[in-house]
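First the structure, in the form of structure tokens, and then the observations on it.
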Amino acid sequence: MKLVKNALGRLVPVEVNGKKATPYMGVGKFKPDGRKYAPPIRTAADYPADGNKIVSDLATALKNAGLKDGMTISSHHHLRNGDMVANEVFAAAAAMGKKDLMWLPSASFPCHQGMIEHMENGVIHHIEGSMNGPLGAYCSEGKMRGMGVLRSHGGRWQAIQDGDVHIDIAVIAAPTADPFGNATGDQGPAACGLLGFALADSIYADHVIVVTDNLVEFPCIPWQIQGNNVDQVVVLDQIGDASKIVSGTTQITKSPDRLLIAELTAKFCDEAGIVQDGFSFQAGAGGTALSFALFLRDMMRERGIKARFVRGGSTQYLVDMLEEGLTDYILDGQTFDLEGVRSMHENSGHINTSPFTSYNFHGKGNFASMLDAVVLGATEVDVNFNANVVTHSDGKLLHGIGGWMNCLASKCTILPIPSFRDRIPVLVDDVTTLCGPGELIDVIVTERGIAINPQRQDLLDKLRGSSLPIRSIEEIKNEVEEIVGGKPEAPDVGDKVVAAINWVDGTVIDCVREVKS
């Protein structure tokens with residue numbers, strides 16, 4: 001496999017799964033041309049005049065869709081670890097004897113571990129989508145036949161709309177739908193909030209199947225997926241367990257160190273002049289970021305400050321802010337708990353968005369760049385402020401990208417992270433996998449101090465003389481290495497590239513190699 005150095009000096013492939021790949025060229029340097037991909041033209045004469053698109057089961061729907069060996073099937077992850085549909089789809093494909101399929105999920109979870117069996121028996125050739133847990137380990141060990149491709153949420157929309165990836169059949173798990181295919185996620189036994197990650201699939205896929213366990217009479221209102229884009233509707237007994245949209249990463253931290261980091265982050269935002277009437281922010285769904293939102297909420301309450309909008313993943317904590325009047329709107333991209341689901345259904349200020357509006361880099365602007373501050377996590381950060389979110393220092397794929405890359409476009413990007421985990425430093429000389437260029441990462445907050453990117457002279461000037469523990473990133477890193485007894489060991493990896501990491505514009509920013517041990 002031919003590898004070349006990209007603009008960040010990382011060796012990356014020029015071909016991924018048989019398609020030409022463009023190495024990362026720099027922030028804003030890659031300029032696409034051409035027009036958006038378009039699905040085949042259909043005629044209403046081929047669909048039931050009464051609007052009833054219901055078929056008996058998934059196998060029938062896949063057969064009607066013309067499922068063939070080598071096709072691409074997509075799915076979404078709004079039900080997170082409670083999803084039951086993706087497994088059913090590939091079980092049906094296996095029973096039909098289909099082989100070498102490509103799965104294009106917006107993300108995977110431990111509940112999808114059964115896909116390993118389908119890869120072992122040849123039903124699935126490879127996965128292009130964020131891989132967590134067992135699937136990430138399977139890919140890291142070099143067992144997947146094709147190369148994994150990890151994209152951000154906005155990058156996935158970009159790849160679909162630009163035609164970088166072609167969806168033959170999209171399967172959309174919908175908590176509520178009508179026989180015509182209109183669907184929503186904010187109602188029904190499996191209500192999970194919104195269906196924004198499936199919107200691109202519904203628009204651009206050749207064939208679209210909506211799967212629901214709550215069929216209502218036409219029209220399903222409000223519709224997040226438009227029935228005019230849907231070919232078939234399948235009704236199952238259960239599409240998922242909505243209680244499992246909550247995970248361990250979406251809980252407030254109880255760690256004293258993490259709470260200190262969250263408090264320092266809120267104080268930094270205040271002293272940097274970010275917290276003022278009409279400001280906007282986004283906080284990730286990790287425990288530290290959620291705790292930051294609470295510290296920020298208390299600060300806003302005390303001073304009578306109101307945000308114009310908050311970008312989500314929504315949680316009960318953001319819902320509390322909306323219902324208390326501390327923000328005009330939640331612009332929700334993903335619902336992380338059942339309070340978020342309730343709020344989306346009840347509150348007119350809780351707005352359903354999609355990666356197109358929020359994150360797509362190949363559009364006429366997006367919401368992410370309008371944020372005054374974004375607070376995110378990372379697994380590693382190096383002395384040049386480059387950051388990693390998909391692997392740890394052992395080189396194994398453990399996390400997806402989510403909207404992380406897209407949020408780096410904000411006016412101030414802050415990464416509150418512990419200085420070490422399990423006595424392994426998080427601040428390193430060079431990140432194991434480079435997911436975000438340092439020029440877009442402004443501030444690192446640790447329990448041992450706050451490091452401001454030297455490129456942000458405005459922030460350095462603003463915080464000069466501050467009571468906050470402002471330090472250089474090198475100073476914090478060196479102190480941590482003394483505490484833990486040195487630098488982390490380099491991962492034991494081979495030459496085989498098992499996954500490509502795509503930047504927000506579709507270029508390859510880095511890759512992941514097979515882990516030997």
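How things are named: the first chain in the structure tokens is A, the next is B, and so on; residues count from 1 in each chain; ligands count from 1 in the order shown.
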Item to complete: Tell me which protein, DNA and RNA residues are within 10 Å of A:Gly227, counting only C-alpha atoms, leaving out same-chain ones fewer than 4 positions away, and put them as a VMD selection string.
Response: chain A and resid 51 53 177 to 183 202 208 210 219 to 220 223 231 to 233
Writer output for current selection, C-alpha atoms, as a CSV table (one decimal), in the first residue's frame:
chain,number,residue,atom,x,y,z
A,51,GLY,CA,-49.6,5.8,0.4
A,53,LYS,CA,-45.7,1.3,1.9
A,177,ALA,CA,-43.8,6.4,11.6
A,178,ASP,CA,-46.9,6.3,9.4
A,179,PRO,CA,-47.5,3.9,6.5
A,180,PHE,CA,-46.3,6.5,4.0
A,181,GLY,CA,-42.8,6.6,5.7
A,182,ASN,CA,-43.0,9.9,7.5
A,183,ALA,CA,-41.1,9.3,10.7
A,202,SER,CA,-33.0,9.3,3.5
A,208,VAL,CA,-34.8,3.8,1.9
A,210,VAL,CA,-38.1,2.9,7.6
A,219,PRO,CA,-49.7,11.9,8.9
A,220,CYS,CA,-46.9,11.4,11.5
A,223,TRP,CA,-41.9,14.3,10.6
A,231,ASP,CA,-39.5,3.3,-0.3
A,232,GLN,CA,-40.8,0.8,2.3
A,233,VAL,CA,-42.0,0.6,5.9
Could you build a table of the residues in stretch 205-316 of chain A lying no more than 12 Å from stretch 329-341 of chain A, giving for each the nearest pair of atoms and their separation in Å rounded to one decimal place, using only C-alpha atoms, ordered by chain and ascending residue number, as a tab-separated table?
residue	atom	partner	partner_atom	distance
A:Asp241	CA	A:Leu338	CA	11.3
A:Ala242	CA	A:Leu338	CA	7.7
A:Ser243	CA	A:Leu338	CA	7.1
A:Lys244	CA	A:Asp337	CA	8.4
A:Ile245	CA	A:Phe336	CA	5.8
A:Val246	CA	A:Asp337	CA	5.2
A:Ser247	CA	A:Phe336	CA	8.2
A:Gly248	CA	A:Phe336	CA	10.9
A:Thr249	CA	A:Phe336	CA	9.9
A:Thr250	CA	A:Phe336	CA	7.1
A:Gln251	CA	A:Asp337	CA	9.9
A:Gly278	CA	A:Tyr329	CA	11.1
A:Phe279	CA	A:Tyr329	CA	11.6
A:Ser280	CA	A:Tyr329	CA	9.8
A:Phe281	CA	A:Ile330	CA	10.1
A:Gln282	CA	A:Leu331	CA	9.6
A:Ala283	CA	A:Asp332	CA	11.7
A:Gly284	CA	A:Phe336	CA	10.4
A:Ala285	CA	A:Phe336	CA	7.6
A:Gly286	CA	A:Phe336	CA	10.6
A:Leu290	CA	A:Phe336	CA	11.4
A:Lys306	CA	A:Tyr329	CA	10.5
A:Ala307	CA	A:Tyr329	CA	8.3
A:Arg308	CA	A:Tyr329	CA	6.6
A:Phe309	CA	A:Tyr329	CA	4.6
A:Val310	CA	A:Ile330	CA	4.9
A:Arg311	CA	A:Leu331	CA	4.8
A:Gly312	CA	A:Asp332	CA	4.4
A:Gly313	CA	A:Gln334	CA	4.4
A:Ser314	CA	A:Thr335	CA	5.0
A:Thr315	CA	A:Gly340	CA	5.3
A:Gln316	CA	A:Glu339	CA	5.1
Would you mind exporting the chosen residues as an mmCIF file, in the first residue's frame, restricted to N, CA and C atoms?
data_model
loop_
_atom_site.group_PDB
_atom_site.id
_atom_site.type_symbol
_atom_site.label_atom_id
_atom_site.label_comp_id
_atom_site.auth_asym_id
_atom_site.auth_seq_id
_atom_site.Cartn_x
_atom_site.Cartn_y
_atom_site.Cartn_z
ATOM 1 N N ASP A 241 -34.247 -0.216 22.855
ATOM 2 C CA ASP A 241 -34.481 0.137 24.253
ATOM 3 C C ASP A 241 -33.963 1.550 24.466
ATOM 4 N N ALA A 242 -34.890 2.516 24.510
ATOM 5 C CA ALA A 242 -34.498 3.922 24.589
ATOM 6 C C ALA A 242 -33.766 4.255 25.883
ATOM 7 N N SER A 243 -33.955 3.467 26.933
ATOM 8 C CA SER A 243 -33.261 3.761 28.190
ATOM 9 C C SER A 243 -31.747 3.641 28.027
ATOM 10 N N LYS A 244 -31.319 2.924 26.997
ATOM 11 C CA LYS A 244 -29.884 2.706 26.796
ATOM 12 C C LYS A 244 -29.237 3.773 25.921
ATOM 13 N N ILE A 245 -29.970 4.851 25.620
ATOM 14 C CA ILE A 245 -29.295 5.979 24.992
ATOM 15 C C ILE A 245 -28.399 6.673 26.012
ATOM 16 N N VAL A 246 -28.643 6.411 27.301
ATOM 17 C CA VAL A 246 -27.779 6.916 28.364
ATOM 18 C C VAL A 246 -26.638 5.928 28.552
ATOM 19 N N SER A 247 -25.408 6.436 28.622
ATOM 20 C CA SER A 247 -24.253 5.562 28.840
ATOM 21 C C SER A 247 -23.400 6.109 29.966
ATOM 22 N N GLY A 248 -22.375 5.366 30.327
ATOM 23 C CA GLY A 248 -21.489 5.789 31.405
ATOM 24 C C GLY A 248 -20.745 7.067 31.106
ATOM 25 N N THR A 249 -20.604 7.386 29.824
ATOM 26 C CA THR A 249 -19.886 8.607 29.458
ATOM 27 C C THR A 249 -20.781 9.835 29.519
ATOM 28 N N THR A 250 -22.084 9.637 29.766
ATOM 29 C CA THR A 250 -22.992 10.779 29.817
ATOM 30 C C THR A 250 -23.494 10.997 31.246
ATOM 31 N N GLN A 251 -22.614 10.803 32.210
ATOM 32 C CA GLN A 251 -22.944 11.000 33.613
ATOM 33 C C GLN A 251 -21.996 12.032 34.219
ATOM 34 N N GLY A 278 -26.125 36.671 25.588
ATOM 35 C CA GLY A 278 -26.197 36.368 24.172
ATOM 36 C C GLY A 278 -25.109 35.457 23.653
ATOM 37 N N PHE A 279 -24.259 34.927 24.545
ATOM 38 C CA PHE A 279 -23.194 34.045 24.078
ATOM 39 C C PHE A 279 -23.753 32.663 23.755
ATOM 40 N N SER A 280 -22.915 31.812 23.167
ATOM 41 C CA SER A 280 -23.329 30.450 22.823
ATOM 42 C C SER A 280 -22.214 29.494 23.182
ATOM 43 N N PHE A 281 -22.591 28.258 23.479
ATOM 44 C CA PHE A 281 -21.574 27.265 23.806
ATOM 45 C C PHE A 281 -22.089 25.875 23.488
ATOM 46 N N GLN A 282 -21.147 24.940 23.422
ATOM 47 C CA GLN A 282 -21.456 23.523 23.305
ATOM 48 C C GLN A 282 -20.528 22.771 24.230
ATOM 49 N N ALA A 283 -21.082 21.859 24.989
ATOM 50 C CA ALA A 283 -20.286 20.996 25.864
ATOM 51 C C ALA A 283 -20.524 19.555 25.446
ATOM 52 N N GLY A 284 -19.470 18.774 25.417
ATOM 53 C CA GLY A 284 -19.599 17.365 25.071
ATOM 54 C C GLY A 284 -20.398 16.606 26.112
ATOM 55 N N ALA A 285 -20.544 15.309 25.883
ATOM 56 C CA ALA A 285 -21.378 14.487 26.756
ATOM 57 C C ALA A 285 -20.568 13.717 27.786
ATOM 58 N N GLY A 286 -19.263 13.946 27.864
ATOM 59 C CA GLY A 286 -18.457 13.285 28.882
ATOM 60 C C GLY A 286 -18.702 13.882 30.253
ATOM 61 N N LEU A 290 -19.988 17.718 31.159
ATOM 62 C CA LEU A 290 -21.291 17.911 31.789
ATOM 63 C C LEU A 290 -21.158 18.705 33.086
ATOM 64 N N LYS A 306 -27.888 35.282 30.150
ATOM 65 C CA LYS A 306 -28.677 34.361 29.333
ATOM 66 C C LYS A 306 -27.961 34.088 28.023
ATOM 67 N N ALA A 307 -27.857 32.810 27.681
ATOM 68 C CA ALA A 307 -27.259 32.422 26.402
ATOM 69 C C ALA A 307 -28.306 32.524 25.301
ATOM 70 N N ARG A 308 -27.853 32.856 24.103
ATOM 71 C CA ARG A 308 -28.783 32.858 22.970
ATOM 72 C C ARG A 308 -29.106 31.433 22.557
ATOM 73 N N PHE A 309 -28.088 30.580 22.437
ATOM 74 C CA PHE A 309 -28.345 29.175 22.115
ATOM 75 C C PHE A 309 -27.245 28.302 22.661
ATOM 76 N N VAL A 310 -27.615 27.058 22.895
ATOM 77 C CA VAL A 310 -26.678 26.020 23.307
ATOM 78 C C VAL A 310 -26.769 24.920 22.259
ATOM 79 N N ARG A 311 -25.616 24.465 21.788
ATOM 80 C CA ARG A 311 -25.599 23.340 20.860
ATOM 81 C C ARG A 311 -25.541 22.057 21.665
ATOM 82 N N GLY A 312 -26.314 21.059 21.230
ATOM 83 C CA GLY A 312 -26.314 19.756 21.896
ATOM 84 C C GLY A 312 -25.770 18.699 20.981
ATOM 85 N N GLY A 313 -25.592 17.521 21.457
ATOM 86 C CA GLY A 313 -26.177 16.625 22.413
ATOM 87 C C GLY A 313 -26.865 17.222 23.620
ATOM 88 N N SER A 314 -28.175 16.963 23.665
ATOM 89 C CA SER A 314 -28.933 17.463 24.793
ATOM 90 C C SER A 314 -28.923 16.463 25.936
ATOM 91 N N THR A 315 -28.935 17.010 27.146
ATOM 92 C CA THR A 315 -29.013 16.236 28.375
ATOM 93 C C THR A 315 -29.985 16.942 29.315
ATOM 94 N N GLN A 316 -30.283 16.294 30.424
ATOM 95 C CA GLN A 316 -31.191 16.909 31.383
ATOM 96 C C GLN A 316 -30.646 18.236 31.893
#
Discussion item. My list of candidates is A:Leu296, A:Ile351, A:Ile54, A:Ala94. Which is closest to A:Met321 when distances are computed with only C-alpha atoms?
Written reply: A:Leu296
Discussion item. Please list as an NGL selection string every residue within 8 Å of A:His392, counting only C-alpha atoms and excluding residues in the same chain fewer than 5 positions away.
Written reply: :A and (379-380 or 397-398 or 432)
Store the residues picked out above in a file with C-alpha atoms, as an mmCIF file, in the first residue's frame.
data_model
loop_
_atom_site.group_PDB
_atom_site.id
_atom_site.type_symbol
_atom_site.label_atom_id
_atom_site.label_comp_id
_atom_site.auth_asym_id
_atom_site.auth_seq_id
_atom_site.Cartn_x
_atom_site.Cartn_y
_atom_site.Cartn_z
ATOM 1 C CA THR A 379 -7.560 10.861 24.744
ATOM 2 C CA GLU A 380 -4.210 12.559 24.019
ATOM 3 C CA LEU A 397 -9.431 1.934 18.332
ATOM 4 C CA LEU A 398 -11.692 2.582 21.286
ATOM 5 C CA THR A 432 -0.626 8.343 18.594
#
Can I get the residues of stretch 147-204 of chain A within 12 Å of stretch 22-38 of chain A, each with the closest pair of atoms and their distance in Å to one decimal, using only C-alpha atoms, sorted chain first then ascending number, as a Markdown table?
| residue | atom | partner | partner_atom | distance |
| --- | --- | --- | --- | --- |
| A:Trp157 | CA | A:Lys36 | CA | 11.2 |
| A:Gln158 | CA | A:Lys36 | CA | 9.4 |
| A:Ala159 | CA | A:Tyr37 | CA | 9.6 |
| A:Ile160 | CA | A:Tyr37 | CA | 7.6 |
| A:Gln161 | CA | A:Tyr37 | CA | 5.4 |
| A:Asp162 | CA | A:Lys36 | CA | 5.0 |
| A:Gly163 | CA | A:Tyr37 | CA | 5.1 |
| A:Asp164 | CA | A:Tyr37 | CA | 8.9 |
| A:Val165 | CA | A:Tyr37 | CA | 9.7 |
| A:His166 | CA | A:Tyr37 | CA | 8.8 |
| A:Ile167 | CA | A:Tyr37 | CA | 10.8 |
| A:Ala200 | CA | A:Tyr37 | CA | 11.1 |
| A:Asp201 | CA | A:Ala38 | CA | 11.6 |
| A:Ser202 | CA | A:Ala38 | CA | 11.6 |
| A:Ile203 | CA | A:Ala38 | CA | 8.5 |
| A:Tyr204 | CA | A:Ala38 | CA | 6.1 |
Could you dump the residues just selected with C-alpha atoms as a PDB file, in the first residue's frame?
ATOM      1  CA  TRP A 157     -22.818  13.861   5.714  1.00  0.00           C
ATOM      2  CA  GLN A 158     -20.100  15.373   3.491  1.00  0.00           C
ATOM      3  CA  ALA A 159     -19.066  11.945   2.210  1.00  0.00           C
ATOM      4  CA  ILE A 160     -22.655  10.961   1.405  1.00  0.00           C
ATOM      5  CA  GLN A 161     -23.645  14.221  -0.277  1.00  0.00           C
ATOM      6  CA  ASP A 162     -20.373  14.439  -2.264  1.00  0.00           C
ATOM      7  CA  GLY A 163     -20.682  10.849  -3.470  1.00  0.00           C
ATOM      8  CA  ASP A 164     -17.500   9.718  -1.682  1.00  0.00           C
ATOM      9  CA  VAL A 165     -19.574   6.857  -0.331  1.00  0.00           C
ATOM     10  CA  HIS A 166     -22.626   5.439  -2.089  1.00  0.00           C
ATOM     11  CA  ILE A 167     -25.527   4.048  -0.042  1.00  0.00           C
ATOM     12  CA  ALA A 200     -28.621  12.305   4.768  1.00  0.00           C
ATOM     13  CA  ASP A 201     -29.270   8.592   4.275  1.00  0.00           C
ATOM     14  CA  SER A 202     -32.953   9.276   3.549  1.00  0.00           C
ATOM     15  CA  ILE A 203     -32.097  11.950   0.981  1.00  0.00           C
ATOM     16  CA  TYR A 204     -29.208  10.336  -0.896  1.00  0.00           C
TER      17      TYR A 204
END
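Residue nearest A:Ala191 within the list A:Ser419, A:Thr353, A:Thr212, A:Thr253: A:Thr212 [criterion: smallest interatomic distance, only C-alpha atoms].
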